[in-house]
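All remarks here apply to the structure that follows.
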Amino acid sequence: MNFDLKEDEILRLSSKLLDGVISDEEHLRLNDLLTNSRSNRQLYLEVVRMESLLHWEPSCMDLPEPKEIPPNLFPFPLITCLGTIAATIVAMVGVWWAFLPSLNNKPQLAESKALPFSDQLYEPAGFDNALEFLNSPAVVSPINPKAFNTLNARKSVHDQALKAIEVLRSDDRSAEGGVFEFHGLVKRWNRTPIFSIPSEKGVLPSSGSVMFGFDKMLINVESQIAHVEETVQVLDVREALKNTNGAKARIFAAVKFNQSFGETQEGAEFGLTFQAFKDEGGSSNQALARVEKNLPSDRDPSTWNEISSEFEIPADAEYIVVSLSAKKYGPDSLLANTSSYYSDDLELSLLFGDQSVIGPI
Amino acid sequence: MYSFILSLLSNRNDAEDVLQETNLILCRKSKEYDPDGNFRSWAFNIARYQVLAHLTKRRRSKVCFSNELTEVLASEDFDICQHQLTQKALQVCYDLLPDHMREIAKLRFKEDASMKEICKTLNRPIGAISGTLFRIRQNLIKCVQLKIPQLEIEEES
């Protein structure tokens, strides 16, 4: 069941009223909303009814505690045994991994040495606690640099863009990994829904009930850079640009960013990037232009930082790729994943020289 | 009764005070009650007068609804059967809240912590706590509205 904006407003104001944090203006507004509509009053009474049940009736909150695992399900010696076996396997795989290049693939070793150490990326193994992260020798586990260097992270974004272009070019409306949409003459491959998450870690969506959640950052320990980037939308502008009669077209975007509390001292640097592509067929698409705008953010999860950017679309562009990124620099980067990073309210508009506009989409 | 009073006062402490006063008056006036009459209507009417008296005293210092709105709200239907269904649905829906929401809900509703106390406990700004409480209520009310028809069908069968 979805609430419309008016109902959402009543709920929000009622909630503030019941928590004693409503301002005079908001109280007046609620008074008006309730005076003017019976359905508004019914909704308000529904909220109050629920509030009183939550507050007054203990049975609503006396929920059963999570069931404990029966002690005889995993007897202690078995756990020890399993733990030992698991540790042995991990150790053996580690030794095998460490010696594999020198045993089997000398050219690969040479290639690996040729890489500057700063290009090797490390990923924290899921530690939430910063001290644990710093003190544990096992926490920074080397990952195959061929798969996880900055260039490859960028390549992954590029690959996603190429895949999206292929989806749009072939008009594959049932493709997985995104949503195929039409906005006037613009076709859009929208990947935002697959990153949608509800509020978490004290961060509420800027609007609506979901927001965009970034994956964990990849951390380069040596150069102290942590980075995550996602291709979120790809627009097929071929049809839209056909009708511009040579007039310049621009794309405007606005988006908000936020991050949860973590061990870092400063906020992340968020980025909004446009790239224009010309379809050369297959994987040989050419990036014609690229614009990136960055925004240093605060660490307060209750506030969203907004960034906007405009990009002049090259005349021969066919696809526009929009990606979002989050970065941390310096010692903070080592603790980057103690926070989570979010985006919301991404809005795009295409502006044409003749003053016509498609969007916001 | 508490729910009815809270709907007019919107402040828990005030609502609890008025409920206590109302209960005392109901006890005192119990001899005046006609057993053939509608107890709920009689009791709610007394509560309504107590609320209005309380508002007259309080109006100088705190924000409260206009007299007209208070009267209108007091005359709205307060379906007790619906109340019981809501309670059942709420038990199910509360369990579906994400952990971080349940933590705040527990502090606010079960432990009766003030907003300041919650902010201090969780080390989060009041705006964030207020926003989360809004989301909690929003989630619960949506869920309850979906659950009640199911419970009605179950009760009928």
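Residues are named by chain letter and number: chains run A, B, ... in the order of the structure tokens, numbers start at 1 in each chain, and ligands are numbered from 1 in the order shown.
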
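Selected on chain A by distance to chain B: Arg12, Ser15, Leu18, Thr35, Val48, Arg49, Ser52, Leu54, His55, Cys60 and Ser302 of chain A (within 6 Å, counting only C-alpha atoms).
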
Pull the helix (DSSP H, G or I) assignments for chain B out of DSSP run on the backbone, and list those residues as a PyMOL selection string. chain B and resi 2-9+12-28+30-32+39-58+67-75+80-95+99-110+115-122+126-156

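Of the listed residues A:Glu166, A:Val234, A:Ile219, A:Ala161, the one whose atoms come nearest to Trp189 (chain A) is A:Val234, with distances taken using only C-alpha atoms.
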